[in-house]
file run.cif (mmCIF, C-alpha atoms, pLDDT in the B column; chains and numbers go by the auth columns)
data_upload
#
loop_
_atom_site.group_PDB
_atom_site.id
_atom_site.type_symbol
_atom_site.label_atom_id
_atom_site.label_comp_id
_atom_site.label_asym_id
_atom_site.label_seq_id
_atom_site.Cartn_x
_atom_site.Cartn_y
_atom_site.Cartn_z
_atom_site.B_iso_or_equiv
_atom_site.auth_seq_id
_atom_site.auth_asym_id
ATOM 1 C CA MET A 1 -25.696 -7.536 -43.690 52.00 964 A
ATOM 2 C CA HIS A 2 -25.065 -10.913 -42.005 45.00 965 A
ATOM 3 C CA LEU A 3 -28.202 -11.527 -39.947 46.00 966 A
ATOM 4 C CA LEU A 4 -27.682 -15.201 -39.080 43.00 967 A
ATOM 5 C CA PRO A 5 -24.702 -17.018 -37.559 43.00 968 A
ATOM 6 C CA SER A 6 -22.065 -17.661 -40.202 45.00 969 A
ATOM 7 C CA HIS A 7 -21.243 -21.174 -41.349 43.00 970 A
ATOM 8 C CA PRO A 8 -18.128 -22.851 -42.778 48.00 971 A
ATOM 9 C CA VAL A 9 -17.487 -22.358 -46.490 45.00 972 A
ATOM 10 C CA ASN A 10 -19.459 -24.841 -48.558 43.00 973 A
ATOM 11 C CA THR A 11 -16.923 -27.309 -49.911 47.00 974 A
ATOM 12 C CA THR A 12 -19.459 -29.645 -51.534 55.00 975 A
ATOM 13 C CA ILE A 13 -20.073 -27.325 -54.497 63.00 976 A
ATOM 14 C CA LYS A 14 -17.213 -26.856 -56.916 62.00 977 A
ATOM 15 C CA ALA A 15 -16.294 -23.207 -57.346 88.00 978 A
ATOM 16 C CA LEU A 16 -17.361 -21.672 -60.629 97.00 979 A
ATOM 17 C CA GLN A 17 -14.478 -20.047 -62.462 98.00 980 A
ATOM 18 C CA PHE A 18 -15.716 -16.789 -63.992 98.00 981 A
ATOM 19 C CA GLY A 19 -13.486 -14.706 -66.254 98.00 982 A
ATOM 20 C CA VAL A 20 -14.038 -10.998 -66.965 98.00 983 A
ATOM 21 C CA LEU A 21 -12.259 -9.404 -69.923 97.00 984 A
ATOM 22 C CA LEU A 22 -10.973 -5.927 -69.056 96.00 985 A
ATOM 23 C CA LEU A 23 -10.883 -3.715 -72.140 94.00 986 A
ATOM 24 C CA LYS A 24 -9.469 -0.204 -72.068 92.00 987 A
ATOM 25 C CA SER A 25 -12.198 2.331 -71.202 93.00 988 A
ATOM 26 C CA TYR A 26 -14.863 -0.353 -70.792 94.00 989 A
ATOM 27 C CA GLN A 27 -18.261 0.867 -69.581 94.00 990 A
ATOM 28 C CA PHE A 28 -18.068 0.632 -65.802 96.00 991 A
ATOM 29 C CA GLN A 29 -21.674 -0.477 -65.305 95.00 992 A
ATOM 30 C CA ASP A 30 -21.242 -3.213 -67.916 96.00 993 A
ATOM 31 C CA LEU A 31 -18.929 -4.946 -65.480 97.00 994 A
ATOM 32 C CA VAL A 32 -19.995 -3.985 -61.976 96.00 995 A
ATOM 33 C CA GLY A 33 -23.725 -4.548 -62.551 97.00 996 A
ATOM 34 C CA PRO A 34 -23.586 -8.211 -63.644 97.00 997 A
ATOM 35 C CA VAL A 35 -20.600 -9.105 -61.444 98.00 998 A
ATOM 36 C CA ASP A 36 -22.108 -7.654 -58.289 97.00 999 A
ATOM 37 C CA TYR A 37 -25.527 -9.169 -58.987 97.00 1000 A
ATOM 38 C CA LEU A 38 -24.167 -12.638 -59.692 98.00 1001 A
ATOM 39 C CA ASN A 39 -21.855 -12.482 -56.700 97.00 1002 A
ATOM 40 C CA THR A 40 -24.879 -11.815 -54.480 97.00 1003 A
ATOM 41 C CA HIS A 41 -25.844 -15.453 -55.151 97.00 1004 A
ATOM 42 C CA THR A 42 -22.639 -16.863 -53.708 97.00 1005 A
ATOM 43 C CA HIS A 43 -22.087 -18.838 -50.531 95.00 1006 A
ATOM 44 C CA SER A 44 -19.740 -16.162 -49.162 94.00 1007 A
ATOM 45 C CA PHE A 45 -22.291 -13.385 -49.654 96.00 1008 A
ATOM 46 C CA LEU A 46 -25.368 -15.241 -48.430 96.00 1009 A
ATOM 47 C CA ASP A 47 -23.651 -16.763 -45.407 95.00 1010 A
ATOM 48 C CA GLY A 48 -25.422 -15.301 -42.383 93.00 1011 A
ATOM 49 C CA ILE A 49 -28.344 -14.069 -44.468 95.00 1012 A
ATOM 50 C CA VAL A 50 -30.157 -17.274 -45.397 95.00 1013 A
ATOM 51 C CA PRO A 51 -30.875 -20.533 -43.516 95.00 1014 A
ATOM 52 C CA PRO A 52 -28.305 -23.352 -43.831 95.00 1015 A
ATOM 53 C CA ALA A 53 -30.580 -25.384 -46.116 95.00 1016 A
ATOM 54 C CA VAL A 54 -30.590 -22.545 -48.668 96.00 1017 A
ATOM 55 C CA LEU A 55 -26.953 -21.671 -48.121 95.00 1018 A
ATOM 56 C CA SER A 56 -25.917 -25.239 -48.936 94.00 1019 A
ATOM 57 C CA LYS A 57 -27.220 -24.730 -52.485 95.00 1020 A
ATOM 58 C CA ALA A 58 -25.389 -21.452 -53.120 96.00 1021 A
ATOM 59 C CA PRO A 59 -22.482 -21.581 -55.592 95.00 1022 A
ATOM 60 C CA ASN A 60 -18.938 -20.476 -54.949 94.00 1023 A
ATOM 61 C CA ILE A 61 -17.579 -18.134 -57.632 97.00 1024 A
ATOM 62 C CA THR A 62 -13.940 -17.269 -58.230 97.00 1025 A
ATOM 63 C CA TRP A 63 -13.522 -14.145 -60.374 97.00 1026 A
ATOM 64 C CA HIS A 64 -10.617 -13.747 -62.791 98.00 1027 A
ATOM 65 C CA TYR A 65 -10.050 -10.247 -64.227 97.00 1028 A
ATOM 66 C CA ILE A 66 -8.144 -10.545 -67.488 97.00 1029 A
ATOM 67 C CA SER A 67 -6.309 -7.573 -68.990 94.00 1030 A
ATOM 68 C CA GLU A 68 -6.461 -6.963 -72.728 90.00 1031 A
ATOM 69 C CA PHE A 69 -2.830 -5.850 -72.482 88.00 1032 A
ATOM 70 C CA ASN A 70 -1.765 -9.190 -71.064 79.00 1033 A
ATOM 71 C CA ASP A 71 -0.110 -7.546 -68.076 83.00 1034 A
ATOM 72 C CA PHE A 72 -1.198 -6.355 -64.662 91.00 1035 A
ATOM 73 C CA SER A 73 -1.359 -2.601 -65.238 93.00 1036 A
ATOM 74 C CA PRO A 74 -4.603 -1.043 -63.904 95.00 1037 A
ATOM 75 C CA ILE A 75 -7.355 -0.682 -66.510 94.00 1038 A
ATOM 76 C CA THR A 76 -9.337 2.557 -66.476 93.00 1039 A
ATOM 77 C CA ALA A 77 -13.043 2.243 -67.182 93.00 1040 A
ATOM 78 C CA SER A 78 -15.485 4.899 -68.399 94.00 1041 A
ATOM 79 C CA SER A 79 -15.784 6.011 -64.772 95.00 1042 A
ATOM 80 C CA GLY A 80 -14.990 4.728 -61.306 93.00 1043 A
ATOM 81 C CA PRO A 81 -11.704 3.448 -59.910 93.00 1044 A
ATOM 82 C CA PRO A 82 -9.092 1.645 -62.019 93.00 1045 A
ATOM 83 C CA GLN A 83 -9.481 -2.124 -62.039 95.00 1046 A
ATOM 84 C CA ILE A 84 -6.357 -4.168 -61.336 95.00 1047 A
ATOM 85 C CA PRO A 85 -6.211 -7.343 -63.450 97.00 1048 A
ATOM 86 C CA THR A 86 -5.712 -10.579 -61.561 97.00 1049 A
ATOM 87 C CA THR A 87 -4.442 -12.670 -64.451 96.00 1050 A
ATOM 88 C CA SER A 88 -3.144 -12.587 -68.019 94.00 1051 A
ATOM 89 C CA PHE A 89 -4.231 -14.422 -71.145 94.00 1052 A
ATOM 90 C CA GLU A 90 -1.504 -17.028 -70.635 93.00 1053 A
ATOM 91 C CA GLN A 91 -2.101 -17.481 -66.906 94.00 1054 A
ATOM 92 C CA THR A 92 -5.896 -17.621 -66.844 96.00 1055 A
ATOM 93 C CA PRO A 93 -7.017 -21.024 -65.527 96.00 1056 A
ATOM 94 C CA ALA A 94 -9.757 -23.121 -67.083 97.00 1057 A
ATOM 95 C CA LEU A 95 -12.989 -21.127 -67.056 98.00 1058 A
ATOM 96 C CA ASP A 96 -16.626 -22.056 -66.742 98.00 1059 A
ATOM 97 C CA TYR A 97 -17.882 -18.673 -67.926 98.00 1060 A
ATOM 98 C CA LEU A 98 -16.519 -15.514 -69.539 98.00 1061 A
ATOM 99 C CA LEU A 99 -18.029 -12.021 -69.372 98.00 1062 A
ATOM 100 C CA ILE A 100 -17.166 -9.350 -71.952 98.00 1063 A
ATOM 101 C CA PRO A 101 -18.183 -5.791 -70.998 97.00 1064 A
ATOM 102 C CA GLY A 102 -18.370 -3.269 -73.821 95.00 1065 A
ATOM 103 C CA ALA A 103 -15.765 -0.637 -74.610 93.00 1066 A
ATOM 104 C CA ASP A 104 -15.985 2.191 -77.144 87.00 1067 A
ATOM 105 C CA ILE A 105 -17.417 1.059 -80.493 85.00 1068 A
ATOM 106 C CA TYR A 106 -14.209 2.294 -82.125 84.00 1069 A
ATOM 107 C CA HIS A 107 -12.093 0.213 -79.761 85.00 1070 A
ATOM 108 C CA THR A 108 -9.479 -1.854 -81.570 86.00 1071 A
ATOM 109 C CA PHE A 109 -10.130 -5.343 -80.272 86.00 1072 A
ATOM 110 C CA PRO A 110 -6.647 -6.772 -79.635 89.00 1073 A
ATOM 111 C CA PRO A 111 -5.614 -9.843 -81.688 92.00 1074 A
ATOM 112 C CA GLN A 112 -4.506 -11.634 -78.511 93.00 1075 A
ATOM 113 C CA ALA A 113 -8.032 -11.242 -77.114 94.00 1076 A
ATOM 114 C CA VAL A 114 -9.502 -12.749 -80.293 95.00 1077 A
ATOM 115 C CA THR A 115 -7.150 -15.715 -80.044 96.00 1078 A
ATOM 116 C CA PHE A 116 -7.853 -16.123 -76.329 96.00 1079 A
ATOM 117 C CA ILE A 117 -11.642 -16.148 -76.749 97.00 1080 A
ATOM 118 C CA GLN A 118 -11.569 -18.464 -79.755 97.00 1081 A
ATOM 119 C CA SER A 119 -9.314 -20.951 -77.961 97.00 1082 A
ATOM 120 C CA ARG A 120 -11.295 -20.894 -74.709 98.00 1083 A
ATOM 121 C CA PHE A 121 -14.790 -20.949 -76.178 98.00 1084 A
ATOM 122 C CA PRO A 122 -15.071 -24.762 -76.527 98.00 1085 A
ATOM 123 C CA GLU A 123 -14.453 -25.239 -72.791 96.00 1086 A
ATOM 124 C CA LEU A 124 -16.901 -22.579 -71.669 98.00 1087 A
ATOM 125 C CA LYS A 125 -20.337 -23.404 -70.317 98.00 1088 A
ATOM 126 C CA GLY A 126 -21.421 -19.877 -71.216 98.00 1089 A
ATOM 127 C CA LEU A 127 -20.128 -16.626 -72.665 98.00 1090 A
ATOM 128 C CA LEU A 128 -21.868 -13.386 -71.654 98.00 1091 A
ATOM 129 C CA THR A 129 -21.616 -9.980 -73.330 98.00 1092 A
ATOM 130 C CA VAL A 130 -22.970 -6.643 -72.171 98.00 1093 A
ATOM 131 C CA CYS A 131 -23.748 -3.686 -74.423 97.00 1094 A
ATOM 132 C CA VAL A 132 -21.211 -3.434 -77.287 96.00 1095 A
ATOM 133 C CA GLY A 133 -19.361 -6.427 -75.879 97.00 1096 A
ATOM 134 C CA SER A 134 -21.269 -8.407 -78.518 97.00 1097 A
ATOM 135 C CA LEU A 135 -19.834 -6.167 -81.260 96.00 1098 A
ATOM 136 C CA HIS A 136 -16.365 -7.013 -79.943 96.00 1099 A
ATOM 137 C CA LEU A 137 -17.261 -10.709 -79.828 97.00 1100 A
ATOM 138 C CA ALA A 138 -18.557 -10.572 -83.416 96.00 1101 A
ATOM 139 C CA LYS A 139 -14.982 -9.876 -84.540 93.00 1102 A
ATOM 140 C CA THR A 140 -13.992 -13.364 -83.365 96.00 1103 A
ATOM 141 C CA GLY A 141 -16.485 -15.044 -85.706 96.00 1104 A
ATOM 142 C CA LEU A 142 -18.183 -16.845 -82.809 98.00 1105 A
ATOM 143 C CA LEU A 143 -21.429 -14.936 -83.365 97.00 1106 A
ATOM 144 C CA ASP A 144 -21.667 -15.819 -87.066 97.00 1107 A
ATOM 145 C CA GLY A 145 -25.087 -17.295 -87.762 97.00 1108 A
ATOM 146 C CA LYS A 146 -26.331 -16.564 -84.251 98.00 1109 A
ATOM 147 C CA ARG A 147 -28.913 -14.221 -82.761 98.00 1110 A
ATOM 148 C CA ALA A 148 -27.599 -11.512 -80.461 98.00 1111 A
ATOM 149 C CA ALA A 149 -28.402 -8.186 -78.840 98.00 1112 A
ATOM 150 C CA THR A 150 -26.165 -5.159 -78.554 97.00 1113 A
ATOM 151 C CA ASN A 151 -26.298 -1.459 -77.769 97.00 1114 A
ATOM 152 C CA LYS A 152 -28.826 -0.039 -80.202 97.00 1115 A
ATOM 153 C CA VAL A 153 -27.280 3.399 -80.565 97.00 1116 A
ATOM 154 C CA ALA A 154 -23.901 1.833 -81.309 96.00 1117 A
ATOM 155 C CA LEU A 155 -25.415 -0.516 -83.881 96.00 1118 A
ATOM 156 C CA ARG A 156 -27.278 2.348 -85.563 96.00 1119 A
ATOM 157 C CA ILE A 157 -24.046 4.350 -85.752 96.00 1120 A
ATOM 158 C CA THR A 158 -22.200 1.491 -87.466 95.00 1121 A
ATOM 159 C CA VAL A 159 -24.908 1.455 -90.142 95.00 1122 A
ATOM 160 C CA GLU A 160 -24.947 5.235 -90.571 95.00 1123 A
ATOM 161 C CA GLN A 161 -21.155 5.348 -90.908 94.00 1124 A
ATOM 162 C CA GLY A 162 -20.973 2.439 -93.338 93.00 1125 A
ATOM 163 C CA GLN A 163 -19.195 0.186 -90.849 92.00 1126 A
ATOM 164 C CA PHE A 164 -21.885 -2.495 -90.569 93.00 1127 A
ATOM 165 C CA GLN A 165 -20.382 -4.904 -93.108 92.00 1128 A
ATOM 166 C CA GLN A 166 -18.192 -6.563 -90.470 91.00 1129 A
ATOM 167 C CA PHE A 167 -21.291 -7.409 -88.407 94.00 1130 A
ATOM 168 C CA ARG A 168 -23.603 -8.710 -91.167 93.00 1131 A
ATOM 169 C CA ASN A 169 -23.155 -12.384 -90.299 96.00 1132 A
ATOM 170 C CA VAL A 170 -25.001 -11.884 -87.002 97.00 1133 A
ATOM 171 C CA THR A 171 -28.792 -11.755 -86.653 97.00 1134 A
ATOM 172 C CA TRP A 172 -29.188 -8.687 -84.462 97.00 1135 A
ATOM 173 C CA VAL A 173 -32.384 -8.696 -82.433 97.00 1136 A
ATOM 174 C CA LYS A 174 -33.853 -5.199 -82.369 95.00 1137 A
ATOM 175 C CA ASP A 175 -36.538 -5.623 -79.744 96.00 1138 A
ATOM 176 C CA ALA A 176 -34.987 -7.536 -76.827 97.00 1139 A
ATOM 177 C CA ARG A 177 -33.018 -6.481 -73.757 97.00 1140 A
ATOM 178 C CA PHE A 178 -31.134 -9.749 -73.830 98.00 1141 A
ATOM 179 C CA VAL A 179 -30.842 -12.799 -76.073 98.00 1142 A
ATOM 180 C CA ARG A 180 -29.604 -16.332 -75.501 98.00 1143 A
ATOM 181 C CA ASP A 181 -28.428 -18.435 -78.440 98.00 1144 A
ATOM 182 C CA GLY A 182 -26.839 -21.669 -77.327 97.00 1145 A
ATOM 183 C CA LYS A 183 -24.221 -20.865 -74.730 97.00 1146 A
ATOM 184 C CA ILE A 184 -23.837 -17.223 -75.799 98.00 1147 A
ATOM 185 C CA TRP A 185 -25.798 -14.692 -73.749 98.00 1148 A
ATOM 186 C CA SER A 186 -25.875 -11.087 -74.994 98.00 1149 A
ATOM 187 C CA SER A 187 -27.578 -7.948 -73.727 98.00 1150 A
ATOM 188 C CA SER A 188 -28.433 -4.649 -75.345 96.00 1151 A
ATOM 189 C CA GLY A 189 -27.753 -1.297 -73.645 92.00 1152 A
ATOM 190 C CA VAL A 190 -25.737 -0.826 -70.465 93.00 1153 A
ATOM 191 C CA THR A 191 -28.439 -1.428 -67.843 95.00 1154 A
ATOM 192 C CA ALA A 192 -29.668 -4.491 -69.729 97.00 1155 A
ATOM 193 C CA GLY A 193 -26.596 -6.242 -68.391 97.00 1156 A
ATOM 194 C CA LEU A 194 -28.354 -6.508 -65.040 97.00 1157 A
ATOM 195 C CA ASP A 195 -31.355 -8.157 -66.664 97.00 1158 A
ATOM 196 C CA LEU A 196 -29.043 -10.544 -68.502 98.00 1159 A
ATOM 197 C CA ALA A 197 -27.351 -11.441 -65.209 98.00 1160 A
ATOM 198 C CA ALA A 198 -30.731 -11.941 -63.555 97.00 1161 A
ATOM 199 C CA GLU A 199 -31.881 -14.318 -66.277 97.00 1162 A
ATOM 200 C CA PHE A 200 -28.563 -16.163 -66.183 97.00 1163 A
ATOM 201 C CA ALA A 201 -28.931 -16.575 -62.408 97.00 1164 A
ATOM 202 C CA ARG A 202 -32.531 -17.720 -62.734 96.00 1165 A
ATOM 203 C CA VAL A 203 -31.528 -20.428 -65.210 96.00 1166 A
ATOM 204 C CA ASN A 204 -28.319 -21.585 -63.530 96.00 1167 A
ATOM 205 C CA PHE A 205 -28.825 -21.174 -59.781 96.00 1168 A
ATOM 206 C CA ASP A 206 -31.211 -22.749 -57.294 96.00 1169 A
ATOM 207 C CA PRO A 207 -34.604 -20.949 -57.119 96.00 1170 A
ATOM 208 C CA GLU A 208 -34.347 -20.346 -53.365 97.00 1171 A
ATOM 209 C CA VAL A 209 -30.846 -18.954 -53.750 97.00 1172 A
ATOM 210 C CA ASN A 210 -32.020 -16.792 -56.640 96.00 1173 A
ATOM 211 C CA LYS A 211 -34.964 -15.462 -54.618 97.00 1174 A
ATOM 212 C CA ALA A 212 -32.752 -14.659 -51.614 97.00 1175 A
ATOM 213 C CA ALA A 213 -30.177 -12.904 -53.781 96.00 1176 A
ATOM 214 C CA SER A 214 -32.725 -10.797 -55.685 95.00 1177 A
ATOM 215 C CA GLU A 215 -34.284 -9.731 -52.383 96.00 1178 A
ATOM 216 C CA ALA A 216 -30.893 -8.844 -50.905 94.00 1179 A
ATOM 217 C CA PHE A 217 -30.077 -6.892 -54.070 94.00 1180 A
ATOM 218 C CA GLU A 218 -33.602 -5.416 -54.154 95.00 1181 A
ATOM 219 C CA TYR A 219 -33.750 -5.708 -57.903 93.00 1182 A
ATOM 220 C CA LYS A 220 -36.762 -6.768 -59.956 92.00 1183 A
ATOM 221 C CA ALA A 221 -35.449 -7.839 -63.314 94.00 1184 A
ATOM 222 C CA ASN A 222 -36.960 -6.767 -66.616 94.00 1185 A
ATOM 223 C CA PRO A 223 -37.905 -9.531 -69.063 96.00 1186 A
ATOM 224 C CA ALA A 224 -36.311 -9.755 -72.492 97.00 1187 A
ATOM 225 C CA ARG A 225 -39.435 -8.168 -73.944 96.00 1188 A
ATOM 226 C CA PRO A 226 -40.904 -5.598 -74.137 94.00 1189 A
ATOM 227 C CA ASP A 227 -37.855 -3.452 -74.773 95.00 1190 A
ATOM 228 C CA ALA A 228 -38.614 0.225 -74.204 95.00 1191 A
ATOM 229 C CA PHE A 229 -35.721 1.261 -76.442 96.00 1192 A
ATOM 230 C CA LYS A 230 -36.501 -0.808 -79.520 95.00 1193 A
ATOM 231 C CA TYR A 231 -37.563 2.378 -81.357 97.00 1194 A
ATOM 232 C CA ILE A 232 -33.880 3.351 -81.658 97.00 1195 A
ATOM 233 C CA LEU A 233 -33.474 0.852 -84.483 96.00 1196 A
ATOM 234 C CA ASP A 234 -36.763 1.604 -86.221 95.00 1197 A
ATOM 235 C CA GLY A 235 -36.076 1.856 -89.939 93.00 1198 A
ATOM 236 C CA VAL A 236 -32.447 0.726 -89.600 94.00 1199 A
ATOM 237 C CA ASP A 237 -31.556 -1.939 -92.167 92.00 1200 A
ATOM 238 C CA LEU A 238 -29.543 -4.687 -90.489 92.00 1201 A
ATOM 239 C CA LYS A 239 -29.349 -6.984 -93.504 84.00 1202 A
#

call {"tool": "encode", "arguments": {"input": "run.cif", "output": "structure tokens"}}
result
Amino acid sequence: MHLLPSHPVNTTIKALQFGVLLLKSYQFQDLVGPVDYLNTHTHSFLDGIVPPAVLSKAPNITWHYISEFNDFSPITASSGPPQIPTTSFEQTPALDYLLIPGADIYHTFPPQAVTFIQSRFPELKGLLTVCVGSLHLAKTGLLDGKRAATNKVALRITVEQGQFQQFRNVTWVKDARFVRDGKIWSSSGVTAGLDLAAEFARVNFDPEVNKAASEAFEYKANPARPDAFKYILDGVDLK
């Protein structure tokens, strides 16, 4: 897709360090949608596509794929090819951002992941969750007192099965595809992760870079509201 002559890697912009937590049987789209969209904004992707003046404002992103098992065994998602972790909890470098895709709602969130997230949160510029990733994050206590979105069907099931008590300290937003509260960004159902990524890019990246990336991706993001699936939680008591 490189339409213009390529240029040397931009060394004037510090690379963003972006961690991705790999949970067993995570929803494939939860990861590949946001990662691929955000990566479309990078210097390496846009090189040869945009003029030098725009390219000079593109970020460099280094991705770190962190296994919940703290080893380098491939992690199998809900579909697609196995993902090979690139780092462990102990070896992960300082991060700017962390993305948590959702796994099954009955997934046992590993204690080492809780400790890792709690210890790294103060250094993060932002923490992003997709789908039930926010339900996993809620188990760390970092969502207590905050507003967040999550997969609506999953949230309804926790109420119907009497499992909602562990999530009561969070203000769950019923009618938004994504929510930002401080430096925590959360999205609702699977495809909402793309809209979350688009809003994150709009806020954090240069407008010209953002425009070029969205055109290359050919994606027109949905706003937080209206949410076509808000009816799923109609009548569900989340207090």

call {"tool": "residues_around", "arguments": {"input": "run.cif", "residues": "Phe981 (chain A)", "least_positions_apart": "3", "cutoff": "8 Å", "atoms": "all atoms listed in the file", "output": "list of chain:residue names"}}
result
A:Ile1024, A:Thr1025, A:Trp1026, A:His1027, A:Leu1058, A:Asp1059, A:Tyr1060, A:Leu1061, A:Leu1062

call {"tool": "axis_aligned_box", "arguments": {"input": "run.cif", "around": "region 1123-1142 of chain A", "padding_each_side": "8 Å", "output": "JSON"}}
result
{"center_x": -27.4, "center_y": -3.7, "center_z": -83.5, "size_x": 34.3, "size_y": 34.1, "size_z": 35.6}

call {"tool": "closest_residue", "arguments": {"input": "run.cif", "among": "A:Leu1091, A:Ile1195, A:Val1133, A:Val995", "to": "Pro1044 (chain A)", "atoms": "all atoms listed in the file"}}
result
A:Val995

call {"tool": "resolve_selection", "arguments": {"input": "run.cif", "expression": "the PyMOL selection byres ((chain A and resi 994) around 12)", "output": "number ranges by chain"}}
result
A: 982-986, 988-993, 995-1002, 1026, 1028, 1040-1043, 1046, 1061-1066, 1091-1094, 1096, 1153-1157, 1159-1160

call {"tool": "resolve_selection", "arguments": {"input": "run.cif", "expression": "the PyMOL selection byres ((chain A and resi 1047) around 9)", "output": "PyMOL selection string"}}
result
chain A and resi 1028+1030+1035-1039+1045-1046+1048-1049

call {"tool": "residues_around", "arguments": {"input": "run.cif", "residues": "Phe1084 (chain A)", "least_positions_apart": "5", "cutoff": "9 Å", "atoms": "all atoms listed in the file", "output": "compact mmCIF listing (two decimals) with C-alpha atoms, in the coordinates of the input"}}
result
# COMPACT_ATOMS: atom_id res chain seq x y z
CA LEU A 1061 -16.52 -15.51 -69.54
CA PHE A 1079 -7.85 -16.12 -76.33
CA GLY A 1089 -21.42 -19.88 -71.22
CA LEU A 1090 -20.13 -16.63 -72.67
CA LEU A 1105 -18.18 -16.84 -82.81

call {"tool": "residues_around", "arguments": {"input": "run.cif", "residues": "Pro1189 (chain A)", "least_positions_apart": "3", "cutoff": "10 Å", "atoms": "all atoms listed in the file", "output": "PyMOL selection string"}}
result
chain A and resi 1138-1140+1185-1186+1192-1193

call {"tool": "closest_residue", "arguments": {"input": "run.cif", "among": "A:His1006, A:Arg1143, A:Lys1183, A:Arg1188", "to": "Leu1018 (chain A)", "atoms": "all atoms listed in the file"}}
result
A:His1006

call {"tool": "resolve_selection", "arguments": {"input": "run.cif", "expression": "the PyMOL selection byres ((chain A and resi 1111-1120) around 7)", "output": "NGL selection string"}}
result
:A and (1068 or 1094-1095 or 1097-1098 or 1109-1110 or 1121-1124 or 1134-1136 or 1139 or 1141-1142 or 1149-1152 or 1195-1196 or 1199)
